[in-house]
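The file target-v5.txt contains compact mmCIF, C-alpha atoms and all ligand atoms:
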```txt
# COMPACT_ATOMS: atom_id res chain seq x y z
CA MET A 289 -34.40 -31.50 -15.53
CA THR A 290 -31.43 -29.23 -16.36
CA LEU A 291 -28.49 -29.11 -14.00
CA PHE A 292 -27.93 -25.35 -14.38
CA THR A 293 -30.26 -22.47 -15.18
CA ILE A 294 -29.32 -19.87 -17.80
CA LYS A 295 -28.61 -17.43 -14.95
CA GLN A 296 -26.17 -19.86 -13.32
CA ILE A 297 -24.40 -20.58 -16.61
CA VAL A 298 -24.00 -16.85 -17.37
CA PHE A 299 -22.81 -16.23 -13.81
CA ILE A 300 -20.23 -19.04 -13.94
CA GLY A 301 -19.02 -17.66 -17.30
CA PHE A 302 -18.40 -14.24 -15.76
CA LEU A 303 -16.74 -15.86 -12.75
CA ILE A 304 -14.34 -17.80 -14.97
CA ILE A 305 -13.45 -14.65 -16.94
CA THR A 306 -12.89 -12.76 -13.66
CA PHE A 307 -10.63 -15.41 -12.15
CA SER A 308 -8.70 -15.95 -15.40
CA THR A 309 -8.00 -12.23 -15.81
CA PHE A 310 -7.10 -11.89 -12.14
CA PHE A 311 -4.79 -14.91 -12.35
CA PHE A 312 -3.09 -13.44 -15.44
CA THR A 313 -2.48 -10.10 -13.63
CA THR A 314 -1.32 -11.81 -10.43
CA PHE A 315 1.10 -13.98 -12.39
CA LYS A 316 2.53 -10.88 -14.10
CA ILE A 317 3.03 -9.17 -10.73
CA TYR A 318 4.56 -12.36 -9.29
CA ARG A 319 7.13 -12.32 -12.13
CA PHE A 320 8.01 -8.72 -11.20
CA PHE A 321 8.49 -9.83 -7.59
CA LYS A 322 10.89 -12.52 -8.80
CA LEU A 323 13.16 -9.78 -10.20
CA THR A 324 13.73 -8.27 -6.74
CA LYS A 325 16.13 -9.15 -3.92
CA PRO A 326 15.30 -11.29 -0.85
CA TYR A 327 14.06 -9.73 2.39
CA PRO A 328 13.93 -12.05 5.42
CA ILE A 329 10.70 -12.21 7.42
CA LYS A 330 10.55 -13.41 11.04
CA ASP A 331 8.73 -12.67 14.34
CA PHE A 332 5.31 -13.80 13.16
CA GLY A 333 3.78 -13.32 16.62
CA LYS A 334 4.65 -9.62 16.64
CA ARG A 335 3.37 -9.30 13.08
CA PHE A 336 -0.12 -10.41 14.11
CA LEU A 337 -0.12 -7.73 16.81
CA VAL A 338 0.87 -5.08 14.25
CA LEU A 339 -1.82 -6.37 11.88
CA PHE A 340 -4.54 -6.09 14.53
CA LYS A 341 -3.37 -2.69 15.73
CA VAL A 342 -2.55 -0.89 12.47
CA ALA A 343 -4.78 -2.68 9.94
CA PHE A 344 -7.89 -3.82 11.82
CA GLY A 345 -7.59 -1.15 14.55
CA GLN A 346 -6.78 1.56 11.96
CA THR A 347 -4.65 3.30 14.62
CA THR A 348 -2.49 5.35 12.23
CA ILE A 349 -5.38 6.59 10.16
CA LEU A 350 -7.39 7.54 13.26
CA ARG A 351 -4.75 10.16 14.15
CA LYS A 352 -6.88 12.47 12.03
CA PRO A 353 -10.13 12.05 13.96
CA VAL A 354 -12.82 13.04 11.43
CA VAL A 355 -11.53 11.93 8.03
CA GLY A 356 -9.62 9.09 9.71
CA PHE A 357 -12.80 7.79 11.30
CA MET A 358 -14.59 7.90 7.94
CA HIS A 359 -11.76 5.90 6.33
CA ALA A 360 -11.89 3.43 9.20
CA LEU A 361 -15.67 3.03 8.75
CA VAL A 362 -15.15 2.29 5.05
CA PHE A 363 -12.48 -0.32 5.90
CA TRP A 364 -14.57 -2.02 8.61
CA GLY A 365 -17.63 -1.85 6.36
CA PHE A 366 -15.76 -3.58 3.53
CA MET A 367 -14.75 -6.37 5.91
CA VAL A 368 -18.40 -7.06 6.75
CA ILE A 369 -19.74 -6.59 3.22
CA LEU A 370 -17.15 -9.08 1.94
CA PHE A 371 -19.23 -11.81 3.62
CA GLY A 372 -22.29 -10.77 1.61
CA SER A 373 -20.23 -10.74 -1.61
CA ILE A 374 -19.05 -14.30 -0.97
CA GLU A 375 -22.68 -15.28 -0.42
CA VAL A 376 -23.65 -13.70 -3.76
CA VAL A 377 -21.00 -15.86 -5.46
CA PHE A 378 -22.43 -18.99 -3.82
CA ASP A 379 -25.95 -17.95 -4.82
CA GLY A 380 -24.82 -17.28 -8.38
CA ILE A 381 -23.15 -20.67 -8.79
CA LEU A 382 -25.73 -22.77 -6.93
CA GLY A 383 -28.83 -20.88 -7.99
CA SER A 384 -29.73 -20.43 -4.32
CA GLU A 385 -31.06 -17.35 -2.55
CA ARG A 386 -29.27 -16.13 0.60
CA PHE A 387 -27.14 -19.27 0.85
CA PHE A 388 -25.72 -18.56 4.32
CA ALA A 389 -29.14 -17.92 5.92
CA PHE A 390 -28.82 -21.28 7.73
CA LEU A 391 -26.29 -19.57 10.07
CA GLY A 392 -29.30 -18.03 11.87
CA PRO A 393 -28.45 -15.30 14.40
CA VAL A 394 -24.82 -15.02 13.20
CA TYR A 395 -26.13 -14.44 9.68
CA ASN A 396 -28.57 -11.82 10.91
CA ILE A 397 -25.81 -9.89 12.68
CA ILE A 398 -23.43 -9.92 9.69
CA ILE A 399 -26.09 -9.09 7.10
CA GLY A 400 -27.52 -6.41 9.43
CA LEU A 401 -24.08 -4.80 9.79
CA GLY A 402 -23.57 -5.09 6.01
CA ASP A 403 -26.83 -3.24 5.34
CA PHE A 404 -25.91 -0.56 7.88
CA PHE A 405 -22.38 -0.11 6.47
CA ALA A 406 -23.62 0.09 2.85
CA TYR A 407 -25.31 3.42 3.71
CA ILE A 408 -22.43 4.61 5.90
CA ILE A 409 -19.89 3.90 3.14
CA PHE A 410 -22.16 5.63 0.63
CA PHE A 411 -22.06 8.88 2.65
CA CYS A 412 -18.32 8.57 3.38
CA ILE A 413 -17.55 8.15 -0.35
CA ILE A 414 -19.66 11.22 -1.16
CA ALA A 415 -17.57 13.13 1.42
CA PHE A 416 -14.32 11.80 -0.09
CA LEU A 417 -15.41 12.87 -3.60
CA ILE A 418 -16.26 16.36 -2.30
CA ARG A 419 -12.81 16.57 -0.67
CA ARG A 420 -11.13 15.54 -3.92
CA ILE A 421 -13.18 17.34 -6.54
CA ILE A 422 -14.56 20.44 -4.82
CA ILE A 423 -12.37 21.21 -1.79
CA LYS A 424 -9.18 19.94 -3.51
CA VAL A 425 -7.31 18.98 -0.34
CA ASN A 426 -3.64 20.02 -0.57
CA ARG A 427 -2.09 16.66 0.11
CA PHE A 428 -3.77 15.16 -2.97
CA GLU A 429 -1.75 17.52 -5.15
CA GLY A 430 1.93 17.45 -6.04
CA GLU A 431 4.33 17.05 -8.94
CA GLU A 432 3.89 13.27 -8.91
CA MET A 433 0.08 13.45 -8.90
CA LYS A 434 -0.62 13.42 -12.61
CA ALA A 435 -4.08 13.76 -14.18
CA LYS A 436 -4.17 9.94 -14.39
CA SER A 437 -3.75 9.63 -10.60
CA HIS A 438 -6.72 11.94 -9.98
CA ARG A 439 -8.83 10.21 -12.63
CA ASP A 440 -7.96 6.83 -11.20
CA ALA A 441 -8.94 7.92 -7.67
CA ASN A 442 -12.26 9.37 -8.85
CA ILE A 443 -13.10 6.27 -10.92
CA SER A 444 -12.40 4.01 -7.94
CA LEU A 445 -14.54 6.14 -5.62
CA LEU A 446 -17.40 6.20 -8.14
CA LEU A 447 -17.16 2.42 -8.51
CA ILE A 448 -17.40 1.99 -4.73
CA LEU A 449 -20.33 4.40 -4.64
CA THR A 450 -22.18 2.40 -7.32
CA LEU A 451 -21.35 -0.82 -5.47
CA MET A 452 -23.02 0.52 -2.34
CA ILE A 453 -26.07 1.87 -4.21
CA SER A 454 -26.60 -1.47 -5.95
CA LEU A 455 -26.14 -3.29 -2.62
CA PHE A 456 -28.75 -1.38 -0.72
CA PHE A 457 -31.18 -1.48 -3.65
CA THR A 458 -30.69 -5.26 -3.84
CA ASN A 459 -31.62 -5.40 -0.15
CA ILE A 460 -34.58 -3.03 -0.57
CA PHE A 461 -36.13 -4.97 -3.49
CA TYR A 462 -35.45 -8.27 -1.77
CA ILE A 463 -37.62 -7.05 1.12
CA VAL A 464 -40.25 -5.74 -1.33
CA LEU A 465 -40.38 -9.20 -2.98
CA ASN A 466 -40.51 -11.08 0.34
CA PRO A 467 -42.20 -8.68 2.78
CA ASN A 468 -43.05 -11.29 5.43
CA ASN A 469 -40.44 -14.00 5.07
CA TYR A 470 -37.07 -12.60 4.14
CA SER A 471 -33.80 -13.98 5.56
CA GLY A 472 -31.44 -11.68 7.45
CA VAL A 473 -31.85 -8.32 9.12
CA PHE A 474 -31.83 -5.00 7.26
CA PRO A 475 -31.86 -2.19 9.84
CA ILE A 476 -31.99 0.64 7.27
CA SER A 477 -33.33 -0.94 4.06
CA LYS A 478 -36.44 -2.21 5.85
CA TYR A 479 -37.49 1.41 6.44
CA LEU A 480 -36.90 2.32 2.78
CA ALA A 481 -38.61 -0.75 1.27
CA PRO A 482 -42.18 0.54 2.01
CA LEU A 483 -41.42 3.47 -0.36
CA PHE A 484 -41.72 0.93 -3.21
CA ASP A 485 -44.89 -0.81 -1.98
CA GLY A 486 -46.90 0.42 -4.97
CA ILE A 487 -44.78 -1.24 -7.67
CA SER A 488 -45.76 -4.54 -9.26
CA TYR A 489 -44.10 -7.83 -8.41
CA ASP A 490 -42.55 -8.03 -11.90
CA THR A 491 -41.03 -4.55 -11.64
CA ALA A 492 -39.67 -5.31 -8.16
CA TYR A 493 -38.24 -8.60 -9.47
CA PHE A 494 -36.61 -6.83 -12.43
CA LEU A 495 -35.11 -4.12 -10.19
CA HIS A 496 -33.83 -6.72 -7.73
CA GLU A 497 -32.15 -8.71 -10.51
CA LEU A 498 -30.76 -5.55 -12.11
CA ASN A 499 -29.12 -4.40 -8.86
CA TRP A 500 -27.96 -7.92 -7.96
CA TRP A 501 -26.19 -8.31 -11.33
CA LEU A 502 -24.86 -4.75 -11.29
CA HIS A 503 -23.42 -5.33 -7.80
CA ILE A 504 -21.63 -8.59 -8.55
CA LEU A 505 -20.42 -7.57 -12.02
CA LEU A 506 -18.97 -4.39 -10.54
CA ILE A 507 -17.17 -6.48 -7.92
CA PHE A 508 -15.74 -8.68 -10.70
CA PHE A 509 -14.67 -5.61 -12.68
CA PHE A 510 -13.29 -3.83 -9.61
CA ALA A 511 -11.19 -6.87 -8.64
CA ASN A 512 -9.48 -6.71 -12.02
CA TYR A 513 -9.23 -2.93 -12.17
CA LEU A 514 -7.60 -2.58 -8.73
CA PRO A 515 -4.17 -4.07 -9.60
CA TYR A 516 -3.76 -1.36 -12.25
CA SER A 517 -4.91 1.46 -10.01
CA LYS A 518 -3.77 3.24 -6.87
CA HIS A 519 -6.61 1.46 -5.07
CA PHE A 520 -4.62 -1.78 -5.19
CA HIS A 521 -4.18 -1.16 -1.46
CA VAL A 522 -7.66 -2.67 -1.03
CA PHE A 523 -5.89 -6.03 -1.58
CA MET A 524 -2.35 -5.18 -0.53
CA SER A 525 -2.67 -3.20 2.69
CA LEU A 526 -3.32 -6.19 4.97
CA PRO A 527 -0.32 -8.24 3.72
CA ASN A 528 1.87 -5.12 3.66
CA VAL A 529 1.05 -4.22 7.25
CA PHE A 530 1.59 -7.84 8.31
CA LEU A 531 4.99 -7.90 6.59
CA SER A 532 6.00 -4.41 7.69
CA ARG A 533 9.45 -3.56 9.04
CA LEU A 534 9.51 -4.26 12.80
CA GLU A 535 12.82 -2.57 13.65
CA PRO A 536 12.58 0.79 15.41
CA LEU A 537 12.21 3.71 12.99
CA GLY A 538 15.62 5.12 12.12
CA LYS A 539 17.56 1.89 12.74
CA LEU A 540 19.71 1.25 9.68
CA ASP A 541 19.86 -2.20 8.16
CA THR A 542 23.36 -3.70 8.32
CA MET A 543 24.85 -4.49 4.92
CA GLU A 544 25.85 -8.09 5.62
CA SER A 545 28.23 -8.23 2.65
CA VAL A 546 30.10 -5.16 3.96
CA LEU A 547 30.13 -6.51 7.52
CA ARG A 548 31.66 -9.70 6.14
CA GLU A 549 34.47 -7.77 4.42
CA VAL A 550 35.15 -5.72 7.57
CA LYS A 551 35.33 -8.88 9.69
CA ILE A 552 37.78 -10.46 7.25
CA MET A 553 39.85 -7.26 7.20
CA LEU A 554 40.01 -7.07 11.00
CA ASN A 555 40.69 -10.76 11.45
CA PRO A 556 41.66 -12.78 8.36
CA ASN A 557 41.20 -15.99 10.39
CA ALA A 558 37.64 -15.12 11.45
CA VAL A 559 35.02 -17.77 10.76
CA ILE A 560 32.68 -16.18 8.25
CA GLU A 561 29.21 -17.49 7.51
CA ASN A 562 29.27 -18.98 4.02
CA SER A 563 25.65 -18.04 3.46
CA ILE A 564 26.62 -14.37 3.06
CA GLU A 565 27.37 -13.79 -0.60
CA PRO A 566 29.81 -11.05 -1.68
CA ALA A 567 27.66 -8.15 -2.91
CA SER A 568 27.10 -7.79 -6.65
CA ARG A 569 25.78 -4.28 -6.00
CA PHE A 570 26.02 -1.92 -3.04
CA GLY A 571 22.74 -0.17 -2.37
CA VAL A 572 19.98 0.35 -4.92
CA LYS A 573 20.51 1.79 -8.38
CA ASP A 574 17.44 0.31 -10.02
CA VAL A 575 14.29 -1.51 -8.97
CA THR A 576 15.86 -4.94 -9.35
CA ASP A 577 18.47 -4.07 -6.69
CA ALA A 578 15.75 -3.40 -4.11
CA SER A 579 13.96 -6.04 -2.03
CA TRP A 580 10.55 -7.55 -2.76
CA LYS A 581 9.34 -5.64 0.31
CA ASN A 582 10.14 -2.34 -1.42
CA TYR A 583 8.04 -3.49 -4.38
CA LEU A 584 5.23 -4.58 -2.06
CA ASP A 585 5.34 -1.09 -0.49
CA ALA A 586 5.14 0.48 -3.95
CA LEU A 587 2.10 -1.61 -4.88
CA THR A 588 0.42 -0.81 -1.56
CA CYS A 589 0.87 2.98 -1.63
CA THR A 590 -2.55 4.61 -1.62
CA GLN A 591 -1.06 7.94 -2.83
CA CYS A 592 -2.83 9.57 0.12
CA GLY A 593 0.07 12.02 0.57
CA ARG A 594 0.14 11.81 4.38
CA CYS A 595 3.90 11.15 4.17
CA THR A 596 4.59 14.17 1.96
CA ALA A 597 2.38 16.38 4.12
CA VAL A 598 4.65 15.82 7.15
CA CYS A 599 8.00 15.69 5.33
CA PRO A 600 10.19 18.57 6.60
CA ALA A 601 12.20 18.56 3.38
CA ASN A 602 9.03 18.96 1.30
CA LEU A 603 7.57 21.52 3.69
CA THR A 604 10.67 23.69 3.40
CA GLY A 605 10.53 23.67 -0.40
CA LYS A 606 13.11 20.94 -1.14
CA LYS A 607 12.64 18.76 -4.18
CA LEU A 608 11.54 15.67 -2.24
CA SER A 609 8.18 13.99 -1.84
CA PRO A 610 8.32 10.60 -0.10
CA ARG A 611 5.11 9.60 -1.92
CA LYS A 612 6.89 10.16 -5.26
CA ILE A 613 9.67 7.73 -4.32
CA PHE A 614 7.19 4.83 -4.32
CA ILE A 615 5.12 6.05 -7.26
CA ASP A 616 8.39 6.18 -9.23
CA TYR A 617 9.40 2.73 -8.02
CA ARG A 618 6.12 1.22 -9.21
CA SER A 619 6.32 2.94 -12.62
CA ARG A 620 9.93 1.91 -13.13
CA MET A 621 9.17 -1.71 -12.22
CA LYS A 622 6.30 -1.73 -14.71
CA GLU A 623 8.65 -0.40 -17.39
CA LEU A 624 11.79 -2.43 -16.67
CA GLY A 625 10.01 -5.58 -15.44
CA THR A 626 8.00 -5.85 -18.64
CA LEU A 627 11.16 -5.46 -20.75
CA ILE A 628 13.15 -8.01 -18.72
CA ILE A 629 10.36 -10.57 -18.92
CA LYS A 630 10.24 -10.05 -22.69
CA ASN A 631 13.99 -9.91 -23.39
CA GLY A 632 15.65 -11.97 -20.64
CA LYS A 633 17.16 -11.22 -17.23
CA ASP A 634 20.32 -9.53 -18.58
CA PHE A 635 18.35 -6.95 -20.54
CA THR A 636 19.15 -3.30 -19.89
CA ASP A 637 17.47 -0.22 -21.30
CA ASN A 638 20.31 2.02 -20.08
CA LYS A 639 17.97 3.76 -17.68
CA SER A 640 17.69 3.44 -13.91
CA LEU A 641 15.51 4.38 -10.95
CA ILE A 642 18.20 6.84 -9.89
CA ARG A 643 18.31 9.88 -12.17
CA ASP A 644 15.74 8.74 -14.78
CA TYR A 645 13.04 8.68 -12.10
CA ILE A 646 14.49 9.94 -8.80
CA SER A 647 17.09 12.70 -8.93
CA GLU A 648 20.18 12.90 -6.71
CA GLU A 649 18.78 16.16 -5.35
CA GLU A 650 15.70 14.34 -4.04
CA ILE A 651 17.78 11.53 -2.56
CA TRP A 652 20.03 13.89 -0.60
CA ALA A 653 17.20 16.19 0.53
CA CYS A 654 15.96 13.60 3.05
CA THR A 655 16.77 14.32 6.71
CA THR A 656 16.00 10.69 7.65
CA CYS A 657 13.63 12.00 10.33
CA ASN A 658 11.21 9.09 9.64
CA ALA A 659 8.11 11.28 9.95
CA CYS A 660 6.87 9.80 6.64
CA ALA A 661 7.19 6.21 7.84
CA LYS A 662 5.47 7.08 11.13
CA GLU A 663 2.54 8.71 9.34
CA CYS A 664 1.97 6.12 6.59
CA PRO A 665 -1.32 4.27 7.24
CA VAL A 666 -0.08 1.10 5.53
CA ASN A 667 3.36 1.00 7.23
CA ILE A 668 5.47 1.83 4.19
CA ASN A 669 9.06 2.63 5.12
CA HIS A 670 10.52 5.32 2.85
CA PRO A 671 13.85 6.15 4.56
CA THR A 672 15.22 2.60 4.19
CA LEU A 673 14.83 2.82 0.40
CA ILE A 674 16.24 6.36 0.31
CA ILE A 675 19.26 5.21 2.35
CA ASP A 676 19.80 2.32 -0.07
CA LEU A 677 19.71 4.76 -3.01
CA ARG A 678 22.34 6.84 -1.19
CA ARG A 679 24.40 3.74 -0.47
CA TYR A 680 24.61 3.08 -4.20
CA LEU A 681 25.66 6.66 -4.98
CA VAL A 682 28.33 6.71 -2.27
CA MET A 683 29.68 3.18 -2.49
CA GLU A 684 29.59 2.64 -6.25
CA GLU A 685 29.87 6.12 -7.72
CA SER A 686 31.61 7.93 -4.83
CA LYS A 687 28.98 10.60 -5.29
CA ALA A 688 27.84 12.57 -2.29
CA PRO A 689 27.35 16.26 -1.52
CA THR A 690 30.63 18.09 -0.78
CA LEU A 691 29.99 18.37 2.95
CA ILE A 692 29.50 14.62 3.25
CA ASN A 693 32.56 13.90 1.10
CA ASN A 694 34.60 16.16 3.42
CA MET A 695 33.32 14.19 6.38
CA PHE A 696 34.28 10.88 4.71
CA SER A 697 37.83 12.22 4.06
CA ASN A 698 38.11 13.36 7.67
CA ILE A 699 37.01 9.98 8.98
CA GLU A 700 39.51 8.27 6.67
CA ASN A 701 42.41 10.58 7.55
CA ASN A 702 41.69 11.63 11.11
CA GLY A 703 39.44 8.89 12.47
CA ALA A 704 36.79 11.53 13.24
CA PRO A 705 34.35 13.63 11.19
CA TRP A 706 36.32 16.84 11.91
CA GLN A 707 39.29 18.19 9.98
CA TYR A 708 41.78 17.97 12.87
CA SER A 709 44.36 15.20 13.02
CA ALA A 710 44.34 12.68 15.86
CA GLU A 711 47.56 14.18 17.31
CA ASP A 712 45.89 17.55 17.72
CA ARG A 713 42.88 16.12 19.41
CA LEU A 714 43.94 17.04 22.94
CA LEU A 715 45.39 20.46 22.13
CA TRP A 716 42.43 22.13 23.73
CA THR A 717 43.54 20.78 27.12
CA GLU A 718 46.82 22.77 27.07
CA ASP A 719 45.11 26.02 27.98
CA LEU A 720 43.22 24.15 30.59
CA ASN A 721 46.50 23.05 32.27
CA LYS A 722 47.82 26.62 32.15
CA SER A 723 44.74 28.07 33.79
CA GLN A 724 44.91 25.41 36.52
CA THR A 725 48.61 26.25 37.21
CA ASN A 726 47.75 29.95 37.47
S1 LIG A 801 3.61 6.12 1.20
FE1 LIG A 801 1.99 5.83 2.72
S2 LIG A 801 1.53 7.89 3.47
FE2 LIG A 801 2.69 8.12 1.58
S3 LIG A 801 1.18 8.34 -0.03
FE3 LIG A 801 1.70 6.17 0.08
S4 LIG A 801 0.21 5.29 1.51
FE4 LIG A 801 0.12 7.50 1.78
S1 LIG A 802 12.58 10.69 6.47
FE1 LIG A 802 13.11 11.92 4.67
S2 LIG A 802 11.41 11.61 3.27
FE2 LIG A 802 10.72 10.95 5.27
S3 LIG A 802 9.72 12.73 6.19
FE3 LIG A 802 11.84 12.77 6.88
S4 LIG A 802 12.90 14.03 5.37
FE4 LIG A 802 10.95 13.47 4.44
```
Have the structure of the file written as structure tokens, please.
Amino acid sequence: MTLFTIKQIVFIGFLIITFSTFFFTTFKIYRFFKLTKPYPIKDFGKRFLVLFKVAFGQTTILRKPVVGFMHALVFWGFMVILFGSIEVVFDGILGSERFFAFLGPVYNIIIGLGDFFAYIIFFCIIAFLIRRIIIKVNRFEGEEMKAKSHRDANISLLLILTLMISLFFTNIFYIVLNPNNYSGVFPISKYLAPLFDGISYDTAYFLHELNWWLHILLIFFFANYLPYSKHFHVFMSLPNVFLSRLEPLGKLDTMESVLREVKIMLNPNAVIENSIEPASRFGVKDVTDASWKNYLDALTCTQCGRCTAVCPANLTGKKLSPRKIFIDYRSRMKELGTLIIKNGKDFTDNKSLIRDYISEEEIWACTTCNACAKECPVNINHPTLIIDLRRYLVMEESKAPTLINNMFSNIENNGAPWQYSAEDRLLWTEDLNKSQTN
């Protein structure tokens, strides 16, 4: 008696290749994360609330009722179908069929929902492809949306479509093979299975195996394709929403190193926390100056363009697209991170995120209105990164638009943003006194 069948051995081989490749990619990304700056995370209770509301409840995406609801259906469907995919892995390794069937009614509910969602997702993906390829929705276009971005999106959608087709055909031929004693509930496939009643057992068996293998091999391929595509949000959106910024939109982060210097200046005897290191860089010039959370945001961006579509700077023709900020960040990290890992942490290629990727014009076009951050379905916060890019320009290069430089001079000289000296501040009251005397 052999321990494993040929099918199990082949399956385990594919599984090992999948996990090894995925581990290799994850390790590479982890090394990129190590190049970034710390970002403290606290308030875990609140984070779970945000996760349930924004991620599982899909509240941001549902602001657009029709397309938002379709996206939400795809997300909820994936959650349910994931259970079936895990079962396929168990079946593949153990040589079993419908491993979790022992769960009884719970199994029936999950598998039933999975069958239902496979068809729903199929139709939603068709609609998404029509929106992208035929209708060409405006927010999918833009300077930063290169041919590769469109190709990548279409490939991912076609992969999901094939995943769903192979899933419901696996279900249909499973019913055809076991018409009276199948495990689980298949609310839609059971009505389609009779269409194949005339085919032989061998043909049904072949078609079941074909779709079963196609489905799981596509999942293995997809898992390794995602980290290189814009659809990486399939993995990253839940952690990114959980770790999202909890401060009110618009609240600026205090630069602790600057606060420390100000405290020392105001009171040289002040007790200063030793844990606050003097800054080696003010603001963000390149990707390694930004926090790991900025990189997580960049990896999570779905390139949906909802942020750019509401950006007043973009809408009024300024050279700023909040989506581009994170696309640029991800590209720059791929470029610089790879070089640093190869040549050591002090390596420089004499390029930077500012100017080589994001121009000063873009950085200063932002009104900091936070509409982008409010609209982003995966809670990416653009203004905080834009402010940090500005902080670098102002604090290290003394570079700001003339109007802002004038304001800085006025604050320095007059203690106020206006060009009048402090002594003249109450001059306007003189006329007031005269008119009262009269
Ligand atoms: S930052 Fe958010 S809203 Fe903007 S394209 Fe990326 S996922 Fe969409
Ligand atoms: S905060 Fe800046 S980038 Fe975001 S929507 Fe407003 S102007 Fe555009």
Legend entry - Given all atoms listed in the file as the counted atoms, nearest of A:Ser525, A:Gln296, A:Ser437, A:Thr313 to A:Phe378: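 The closest residue to A:Phe378 is A:Gln296.
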Legend entry - 9 Å contact set for stretch 471-483 of chain A, all atoms listed in the file, chain neighbours under 6 positions out, as a list in words: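 Within the cut-off, the hits are Arg386, Ala389, Gly392, Pro393, Tyr395, Asn396, Ile397, Ile398, Ile399, Gly400, Leu401, Gly402, Asp403, Phe404, Tyr407, Phe456, Phe457, Asn459, Ile460, Phe461, Tyr462, Ile463 and Val464 of chain A.
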C-alpha atoms of the current selection, written as a compact mmCIF listing (two decimals), in the coordinates of the input:
```txt
# COMPACT_ATOMS: atom_id res chain seq x y z
CA ARG A 386 -29.27 -16.13 0.60
CA ALA A 389 -29.14 -17.92 5.92
CA GLY A 392 -29.30 -18.03 11.87
CA PRO A 393 -28.45 -15.30 14.40
CA TYR A 395 -26.13 -14.44 9.68
CA ASN A 396 -28.57 -11.82 10.91
CA ILE A 397 -25.81 -9.89 12.68
CA ILE A 398 -23.43 -9.92 9.69
CA ILE A 399 -26.09 -9.09 7.10
CA GLY A 400 -27.52 -6.41 9.43
CA LEU A 401 -24.08 -4.80 9.79
CA GLY A 402 -23.57 -5.09 6.01
CA ASP A 403 -26.83 -3.24 5.34
CA PHE A 404 -25.91 -0.56 7.88
CA TYR A 407 -25.31 3.42 3.71
CA PHE A 456 -28.75 -1.38 -0.72
CA PHE A 457 -31.18 -1.48 -3.65
CA ASN A 459 -31.62 -5.40 -0.15
CA ILE A 460 -34.58 -3.03 -0.57
CA PHE A 461 -36.13 -4.97 -3.49
CA TYR A 462 -35.45 -8.27 -1.77
CA ILE A 463 -37.62 -7.05 1.12
CA VAL A 464 -40.25 -5.74 -1.33
```
Inset, instruction - List all protein, DNA and RNA residues that have an atom no more than 9 Å from any atom of ligand LIG 801 (chain A), counting all atoms listed in the file, and report them as a count of residues only. - result: 33
Inset, instruction - Pick out the closest residue to A:Ser647 from this set: A:Leu681, A:Asp379, A:Ala343, A:Phe484. Count all atoms listed in the file. - result: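 Checking each of A:Leu681, A:Asp379, A:Ala343, A:Phe484 against A:Ser647, counting all atoms listed in the file, the winner is A:Leu681.
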Inset, instruction - Using atom CA of A:Asp574 and atom CA of A:Ser640 as the two end points, give the distance in Å to one decimal. - result: 5.0 Å
Legend entry - Computed interatomic separation between atom CA of A:Ile642 and atom CA of A:Glu685 (Å):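 Taking atom CA of A:Ile642 and atom CA of A:Glu685, their separation equals 11.9 Å.
Interatomic distance, atom CA of A:Lys581 against atom CA of A:Thr306: 27.2 Å.
Between A:Phe307 and the residues A:Lys322, A:Phe509, A:Ala415, A:Arg420, the shortest atom-to-atom distance, using all atoms listed in the file, involves A:Phe509.
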Legend entry - Close residues, A:Leu303 itself excluded, 9 Å, all atoms listed in the file, min 4 positions apart in chain, as a ChimeraX atom specification: /A:298-299,307-308,377,381,508
Please, could you write that set of residues out with C-alpha atoms as a PDB file, keeping the file's coordinate frame?
```pdb
ATOM      1  CA  VAL A 298     -24.000 -16.850 -17.370  1.00  0.00           C
ATOM      2  CA  PHE A 299     -22.810 -16.230 -13.810  1.00  0.00           C
ATOM      3  CA  PHE A 307     -10.630 -15.410 -12.150  1.00  0.00           C
ATOM      4  CA  SER A 308      -8.700 -15.950 -15.400  1.00  0.00           C
ATOM      5  CA  VAL A 377     -21.000 -15.860  -5.460  1.00  0.00           C
ATOM      6  CA  ILE A 381     -23.150 -20.670  -8.790  1.00  0.00           C
ATOM      7  CA  PHE A 508     -15.740  -8.680 -10.700  1.00  0.00           C
TER       8      PHE A 508
END
```
Legend entry - Contact residues around A:Thr636 with all atoms listed in the file at 12 Å, ignoring same-chain residues under 2 positions, as number ranges by chain: A: 574, 576, 623-634, 638-640
Extending 6 Å beyond the listed atoms of ligand LIG 802 (chain A) on each side, what axis-aligned box results? I want centre and edge lengths in Å to one decimal, as JSON.
```
{"center_x": 11.4, "center_y": 12.4, "center_z": 5.1, "size_x": 15.4, "size_y": 15.3, "size_z": 15.6}
```
Selection near stretch 451-455 of chain A, 7 Å with only C-alpha atoms, sequence-local residues under 5 positions removed, as a tab-separated table (two decimals) with C-alpha atoms, in the frame of the given file:
```
chain	number	residue	atom	x	y	z
A	406	ALA	CA	-23.62	0.09	2.85
A	410	PHE	CA	-22.16	5.63	0.63
A	499	ASN	CA	-29.12	-4.40	-8.86
A	500	TRP	CA	-27.96	-7.92	-7.96
A	502	LEU	CA	-24.86	-4.75	-11.29
A	503	HIS	CA	-23.42	-5.33	-7.80
A	506	LEU	CA	-18.97	-4.39	-10.54
```
Legend entry - Contact residues around A:Asp490 with all atoms listed in the file at 10 Å, ignoring same-chain residues under 5 positions, as a list in words: Leu465, Leu495 and His496 of chain A
So that I have them on file, write out the residues from the current selection with C-alpha atoms, as a short mmCIF file (atom, residue, chain, number, x, y, z; two decimals), in the coordinates of the input.
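And here's selection_5.cif as it stands now:
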```cif
data_model
loop_
_atom_site.label_atom_id
_atom_site.label_comp_id
_atom_site.auth_asym_id
_atom_site.auth_seq_id
_atom_site.Cartn_x
_atom_site.Cartn_y
_atom_site.Cartn_z
CA LEU A 465 -40.38 -9.20 -2.98
CA LEU A 495 -35.11 -4.12 -10.19
CA HIS A 496 -33.83 -6.72 -7.73
#
```
